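Structure file structure_36.cif; described as mmCIF, C-alpha atoms.
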```cif
data_upload
loop_
_atom_site.label_atom_id
_atom_site.label_comp_id
_atom_site.auth_asym_id
_atom_site.auth_seq_id
_atom_site.Cartn_x
_atom_site.Cartn_y
_atom_site.Cartn_z
CA MET A 252 63.22 -20.44 -36.78
CA PRO A 253 64.85 -17.54 -38.65
CA ALA A 254 62.56 -15.39 -40.72
CA GLU A 255 62.43 -16.12 -44.43
CA PRO A 256 63.83 -13.46 -46.74
CA SER A 257 61.28 -11.09 -48.19
CA PRO A 258 60.63 -11.75 -51.89
CA LYS A 259 60.17 -7.99 -52.39
CA SER A 260 63.47 -6.95 -50.82
CA LYS A 261 65.33 -4.42 -52.93
CA VAL A 262 68.40 -4.43 -50.66
CA PRO A 263 69.37 -8.12 -50.37
CA ALA A 264 72.72 -7.47 -48.68
CA ALA A 265 71.07 -5.41 -45.94
CA GLU A 266 68.39 -8.03 -45.40
CA SER A 267 70.96 -10.84 -45.29
CA THR A 268 72.97 -8.89 -42.73
CA LEU A 269 69.91 -8.45 -40.53
CA ARG A 270 69.02 -12.12 -40.86
CA ILE A 271 72.50 -13.11 -39.72
CA LEU A 272 72.31 -10.81 -36.70
CA ARG A 273 68.84 -12.09 -35.87
CA LEU A 274 70.05 -15.70 -36.08
CA LEU A 275 73.03 -15.02 -33.81
CA ALA A 276 70.73 -13.27 -31.33
CA SER A 277 68.44 -16.30 -31.19
CA ARG A 278 71.22 -18.80 -30.42
CA ARG A 279 72.67 -19.63 -27.01
CA GLY A 280 76.25 -19.25 -28.21
CA PRO A 281 78.53 -18.42 -31.16
CA GLN A 282 77.92 -20.25 -34.45
CA PRO A 283 80.17 -21.53 -37.28
CA ALA A 284 79.89 -19.56 -40.52
CA ALA A 285 78.98 -22.74 -42.40
CA SER A 286 76.09 -23.37 -40.01
CA ILE A 287 74.86 -19.79 -40.45
CA ALA A 288 74.96 -20.17 -44.24
CA ALA A 289 73.12 -23.49 -44.16
CA THR A 290 70.44 -22.30 -41.73
CA LEU A 291 69.70 -19.16 -43.70
CA GLY A 292 70.12 -20.70 -47.13
CA LEU A 293 72.81 -18.20 -48.12
CA PRO A 294 76.03 -18.80 -50.12
CA ARG A 295 79.02 -19.32 -47.83
CA SER A 296 81.00 -16.66 -49.66
CA THR A 297 78.25 -14.13 -49.00
CA VAL A 298 78.08 -15.05 -45.33
CA TYR A 299 81.86 -14.77 -44.86
CA HIS A 300 81.88 -11.39 -46.59
CA LEU A 301 79.04 -10.00 -44.49
CA LEU A 302 80.53 -11.39 -41.27
CA ALA A 303 83.83 -9.68 -42.08
CA VAL A 304 82.11 -6.33 -42.58
CA MET A 305 80.10 -6.75 -39.36
CA GLU A 306 83.27 -7.72 -37.49
CA GLU A 307 85.05 -4.59 -38.70
CA ASN A 308 82.16 -2.52 -37.34
CA GLY A 309 81.95 -4.32 -34.02
CA PHE A 310 78.59 -6.01 -34.51
CA VAL A 311 80.08 -9.50 -34.77
CA MET A 312 82.97 -11.06 -32.88
CA HIS A 313 85.12 -13.80 -34.43
CA LEU A 314 86.44 -16.55 -32.17
CA PRO A 315 89.29 -17.99 -34.28
CA GLU A 316 90.11 -20.85 -31.89
CA GLU A 317 86.54 -22.09 -32.09
CA ARG A 318 85.97 -21.03 -35.71
CA ARG A 319 82.71 -19.44 -34.66
CA TYR A 320 81.03 -16.04 -34.73
CA GLY A 321 79.03 -14.35 -31.99
CA LEU A 322 77.47 -10.96 -31.36
CA GLY A 323 79.91 -8.10 -30.76
CA ILE A 324 79.94 -4.99 -28.62
CA GLY A 325 78.09 -3.06 -31.33
CA ALA A 326 75.09 -5.33 -30.89
CA PHE A 327 75.27 -4.83 -27.13
CA GLU A 328 75.29 -1.05 -27.62
CA LEU A 329 72.14 -1.33 -29.72
CA SER A 330 70.53 -3.39 -26.97
CA SER A 331 71.48 -0.78 -24.38
CA ALA A 332 70.07 2.00 -26.55
CA TYR A 333 66.86 0.01 -26.93
CA SER A 334 66.54 -0.12 -23.14
CA ARG A 335 67.27 3.60 -22.73
CA GLN A 336 64.59 4.57 -25.21
CA GLU A 337 61.96 2.56 -23.26
CA PRO A 338 60.18 1.27 -26.37
CA LEU A 339 58.12 -1.24 -24.39
CA SER A 340 56.63 1.55 -22.30
CA ARG A 341 56.07 3.79 -25.31
CA LEU A 342 54.43 1.06 -27.36
CA GLY A 343 52.59 -0.53 -24.49
CA ARG A 344 51.00 2.51 -22.86
CA PRO A 345 48.47 3.39 -25.62
CA MET A 346 47.67 -0.28 -26.12
CA LEU A 347 46.95 -0.73 -22.42
CA ALA A 348 44.84 2.43 -22.43
CA SER A 349 42.72 0.97 -25.23
CA LEU A 350 42.44 -2.30 -23.32
CA VAL A 351 41.24 -0.49 -20.20
CA ASP A 352 38.66 1.43 -22.24
CA ALA A 353 37.39 -1.84 -23.70
CA ILE A 354 37.07 -3.87 -20.50
CA GLY A 355 36.72 -1.26 -17.75
CA GLU A 356 39.42 -2.81 -15.54
CA SER A 357 42.92 -1.63 -14.67
CA ALA A 358 45.88 -2.99 -16.66
CA HIS A 359 49.64 -2.98 -16.36
CA LEU A 360 52.82 -4.02 -18.15
CA ALA A 361 55.67 -5.70 -16.28
CA VAL A 362 59.13 -7.08 -17.04
CA LEU A 363 61.22 -9.69 -15.24
CA HIS A 364 63.91 -8.20 -12.99
CA GLY A 365 65.87 -10.94 -11.29
CA ARG A 366 63.33 -13.02 -9.39
CA ASP A 367 60.85 -10.12 -9.32
CA VAL A 368 58.59 -8.43 -11.82
CA LEU A 369 59.05 -4.70 -12.31
CA TYR A 370 55.99 -2.70 -13.34
CA ILE A 371 56.76 -0.22 -16.13
CA VAL A 372 53.24 0.88 -17.17
CA GLU A 373 49.96 1.12 -15.25
CA GLU A 374 46.66 2.26 -16.71
CA ARG A 375 43.98 2.61 -14.06
CA ALA A 376 40.34 2.19 -15.01
CA LYS A 377 37.84 4.88 -14.07
CA ASN A 378 36.23 4.38 -10.65
CA ARG A 379 38.52 1.48 -9.83
CA PRO A 380 40.64 1.42 -6.64
CA SER A 381 44.38 2.04 -6.74
CA LEU A 382 46.65 -0.99 -6.91
CA VAL A 383 50.07 -1.90 -5.54
CA THR A 384 51.28 -2.42 -9.11
CA ASP A 385 52.31 1.19 -9.66
CA VAL A 386 55.16 2.06 -12.02
CA GLY A 387 58.52 1.20 -10.45
CA VAL A 388 57.09 -1.32 -7.96
CA ARG A 389 58.72 -4.75 -7.76
CA LEU A 390 56.94 -7.91 -6.61
CA PRO A 391 58.01 -11.58 -6.40
CA SER A 392 57.26 -13.03 -9.83
CA HIS A 393 55.86 -16.35 -8.54
CA LEU A 394 53.08 -14.48 -6.70
CA THR A 395 51.86 -12.44 -9.66
CA ALA A 396 49.99 -13.34 -12.81
CA SER A 397 52.48 -11.24 -14.79
CA GLY A 398 55.42 -13.10 -13.33
CA ARG A 399 53.87 -16.50 -13.88
CA ALA A 400 53.13 -15.65 -17.52
CA ILE A 401 56.79 -14.73 -18.05
CA LEU A 402 58.20 -17.69 -16.08
CA ALA A 403 56.03 -20.13 -18.06
CA ALA A 404 57.71 -18.96 -21.28
CA LEU A 405 61.24 -19.46 -19.91
CA PRO A 406 63.24 -22.72 -20.10
CA LYS A 407 62.71 -24.84 -16.99
CA SER A 408 66.44 -24.73 -16.27
CA GLN A 409 66.32 -20.95 -15.94
CA VAL A 410 63.27 -21.05 -13.71
CA ARG A 411 65.10 -23.56 -11.52
CA ALA A 412 68.11 -21.23 -11.33
CA LEU A 413 65.83 -18.41 -10.18
CA TYR A 414 64.21 -20.65 -7.54
CA PRO A 415 66.95 -22.92 -6.18
CA ASN A 416 65.41 -23.58 -2.75
CA ALA A 417 62.44 -22.92 -0.45
CA ALA A 418 63.94 -19.63 0.72
CA ALA A 419 63.27 -18.18 -2.74
CA PHE A 420 59.50 -18.33 -2.17
CA SER A 421 57.70 -15.62 -0.23
CA GLU A 422 54.09 -14.68 0.59
CA ARG A 423 52.18 -11.38 0.90
CA THR A 424 48.71 -12.41 2.04
CA GLU A 425 46.95 -15.33 3.68
CA GLU A 426 44.63 -15.78 0.70
CA GLY A 427 45.01 -18.04 -2.32
CA GLU A 428 46.84 -21.26 -2.90
CA HIS A 429 50.37 -20.07 -2.28
CA ILE A 430 53.31 -21.52 -4.16
CA ARG A 431 55.91 -22.64 -1.64
CA SER A 432 58.12 -25.02 -3.62
CA TYR A 433 59.69 -25.46 -7.05
CA SER A 434 57.46 -28.46 -7.81
CA ALA A 435 54.36 -26.41 -7.00
CA LEU A 436 55.66 -23.59 -9.17
CA GLN A 437 56.25 -25.89 -12.14
CA SER A 438 52.77 -27.35 -11.72
CA ALA A 439 51.31 -23.82 -11.83
CA LEU A 440 53.44 -22.94 -14.87
CA ASP A 441 52.29 -26.09 -16.67
CA GLN A 442 48.71 -24.87 -16.23
CA VAL A 443 49.70 -21.48 -17.65
CA ARG A 444 51.16 -23.16 -20.74
CA GLN A 445 48.01 -25.25 -21.21
CA ARG A 446 45.61 -22.29 -20.82
CA GLY A 447 47.72 -19.73 -22.64
CA TYR A 448 47.48 -17.21 -19.80
CA ALA A 449 48.31 -16.91 -16.10
CA THR A 450 46.11 -16.18 -13.10
CA GLU A 451 46.48 -14.99 -9.52
CA ASP A 452 43.74 -14.66 -6.91
CA GLY A 453 44.34 -12.83 -3.64
CA GLU A 454 48.04 -13.65 -3.41
CA VAL A 455 49.26 -10.09 -4.06
CA THR A 456 46.40 -8.08 -2.52
CA SER A 457 43.46 -9.54 -0.62
CA GLY A 458 40.23 -9.36 -2.61
CA PHE A 459 41.91 -8.76 -5.97
CA ALA A 460 42.66 -11.17 -8.80
CA SER A 461 44.61 -10.89 -12.08
CA VAL A 462 45.03 -12.54 -15.45
CA ALA A 463 48.12 -12.07 -17.62
CA ALA A 464 49.77 -13.13 -20.88
CA ALA A 465 53.40 -13.00 -21.96
CA VAL A 466 54.83 -10.64 -24.56
CA THR A 467 57.51 -12.47 -26.57
CA ASP A 468 60.21 -11.57 -29.07
CA HIS A 469 60.93 -13.15 -32.47
CA ALA A 470 62.63 -16.12 -30.81
CA GLY A 471 59.74 -16.78 -28.43
CA TRP A 472 61.65 -15.34 -25.46
CA PRO A 473 59.43 -13.51 -22.93
CA THR A 474 60.20 -9.79 -22.75
CA ALA A 475 57.23 -8.65 -20.64
CA ALA A 476 53.68 -9.47 -19.61
CA VAL A 477 50.35 -7.69 -19.98
CA ALA A 478 47.95 -8.11 -17.06
CA VAL A 479 44.55 -6.97 -15.88
CA THR A 480 43.68 -6.72 -12.18
CA PHE A 481 40.13 -6.58 -10.80
CA LEU A 482 38.04 -7.05 -7.67
CA ALA A 483 37.67 -10.80 -7.44
CA GLU A 484 34.04 -10.69 -6.27
CA LYS A 485 33.05 -8.50 -9.23
CA VAL A 486 34.30 -10.87 -11.92
CA PRO A 487 33.06 -14.48 -11.63
CA GLY A 488 35.13 -17.35 -12.95
CA GLU A 489 33.32 -17.68 -16.28
CA GLU A 490 34.03 -14.04 -17.12
CA ARG A 491 37.74 -14.24 -16.32
CA ASP A 492 38.45 -16.33 -19.37
CA GLU A 493 36.94 -13.61 -21.55
CA LEU A 494 39.15 -11.03 -19.84
CA ALA A 495 42.14 -13.28 -20.44
CA GLN A 496 41.37 -13.44 -24.14
CA HIS A 497 41.43 -9.62 -24.32
CA VAL A 498 44.77 -9.61 -22.49
CA ALA A 499 46.24 -12.32 -24.73
CA ARG A 500 45.26 -10.36 -27.86
CA VAL A 501 47.00 -7.23 -26.60
CA ALA A 502 50.08 -9.22 -25.58
CA GLY A 503 50.17 -10.80 -29.04
CA GLU A 504 49.84 -7.43 -30.76
CA LEU A 505 52.61 -5.94 -28.62
CA SER A 506 54.80 -8.94 -29.43
CA HIS A 507 54.40 -8.15 -33.14
CA ARG A 508 55.00 -4.44 -32.60
CA ILE A 509 58.29 -4.83 -30.70
CA TYR A 510 59.50 -7.06 -33.52
CA GLY A 511 58.71 -4.33 -36.04
CA ARG A 512 55.73 -6.10 -37.60
CA ARG A 513 52.17 -4.78 -37.53
#
```
Would you mind writing the file out in structure tokens?
Amino acid sequence: MPAEPSPKSKVPAAESTLRILRLLASRRGPQPAASIAATLGLPRSTVYHLLAVMEENGFVMHLPEERRYGLGIGAFELSSAYSRQEPLSRLGRPMLASLVDAIGESAHLAVLHGRDVLYIVEERAKNRPSLVTDVGVRLPSHLTASGRAILAALPKSQVRALYPNAAAFSERTEEGEHIRSYSALQSALDQVRQRGYATEDGEVTSGFASVAAAVTDHAGWPTAAVAVTFLAEKVPGEERDELAQHVARVAGELSHRIYGRR
């Protein structure tokens, strides 16, 4: 649902422009101007005027045959600049460092890259062994807690597209209850949605387990996952839920930060 306008806004045109862009970014396709006006509770004349200005500057594209408006190349350029500036890494690193200090276990931040997760931040706890989840490493998302947390927040149709057949599933170790089919994956993701966090035990590295939670944007779309990895024998089952709560809090805070809210 689009954010409500701020009652304290002193620049209503600027805020309305941002709300329109945010709405278009949250939709699967271009939208009619009338629908934009109705959804945001704005006068149609105002919406048409702002859309015209945004179109002139390349942030909105008008599709006259469909009588709809979508995001333009200017919005894409902003997205590309966002990626180049690595804000997730910059915001996430100090937050993960604080998490590691609080719990004494290693933590990392990962993003979805195709069918894999790509690790972009790792904070290793003192006196803890090194992990395979170093920065720049890619692992199959269905094997990792980070990947499962992200996949659980995606539409099922997209997960299905990522895992069309049995060949899409791979294994790294002989431990754990490996996911070898789409039905098994969806069952695991249903559990993630019910618990609010994902787990993995021995499927990436023998003897290690992880818990993870998704980082989401304003539309609820998963942008990353925060995870903690630990020696499985050192953290019994009843303590893993407590670890997961720490992880979920950091993931929630990072979700607010990337959206510009503290």
List as a Markdown table every residue of segment 333-431 of chain A that is in contact with segment 480-486 of chain A, defined as an atom at most 10 Å from one of its atoms (using all atoms listed in the file), together with the nearest atom pair and the distance in Å rounded to one decimal, sorted by chain and then rising number.
```
| residue | atom | partner | partner_atom | distance |
| --- | --- | --- | --- | --- |
| A:Gly355 | CA | A:Phe481 | CA | 9.4 |
| A:Glu356 | CA | A:Phe481 | CA | 6.1 |
| A:Ser357 | CA | A:Thr480 | CA | 5.7 |
| A:Ala358 | CA | A:Thr480 | CA | 6.2 |
| A:His359 | CA | A:Thr480 | CA | 8.2 |
| A:Arg375 | CA | A:Thr480 | CA | 9.5 |
| A:Ala376 | CA | A:Phe481 | CA | 9.7 |
| A:Arg379 | CA | A:Phe481 | CA | 8.3 |
| A:Pro380 | CA | A:Leu482 | CA | 8.9 |
| A:Leu382 | CA | A:Thr480 | CA | 8.3 |
| A:Thr384 | CA | A:Thr480 | CA | 9.3 |
| A:Ala396 | CA | A:Thr480 | CA | 9.2 |
```
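This file, filtered with the PyMOL selection byres ((chain A and resi 492) around 12), gives the residues Arg446, Gly447, Tyr448, Ala449, Thr450, Ser461, Val462, Ala463, Ala464, Val479, Val486, Pro487, Gly488, Glu489, Glu490, Arg491, Glu493, Leu494, Ala495, Gln496, His497, Val498 and Ala499 of chain A.
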Residues picked by the PyMOL selection byres ((chain A and resi 277-292) around 10) here, as a PyMOL selection string? chain A and resi 252-256+267+270-276+293-299+302+311-314+317-322+468-472
With distances taken over only C-alpha atoms, the candidate from A:Val262, A:Val477, A:Val410, A:Val351 nearest Ser397 of chain A is A:Val477
My list of candidates is A:Leu360, A:Ser434, A:Ala353, A:Ala400. Which is closest to Leu339 of chain A when distances are computed with only C-alpha atoms? A:Leu360
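The nearest approach to Arg500 of chain A among the residues A:Met346, A:Pro263, A:Phe420, A:Glu316, with only C-alpha atoms taken into account, belongs to A:Met346.
Reported to one decimal place, the separation of atom CA of Ala460 of chain A from atom CA of Glu422 of chain A is 15.2 Å.
For the set A:Gln437, A:Ser340, A:Ser381, A:Ser392, the residue with the smallest atom-to-atom gap to Ser408 of chain A is A:Gln437, counting all atoms listed in the file.
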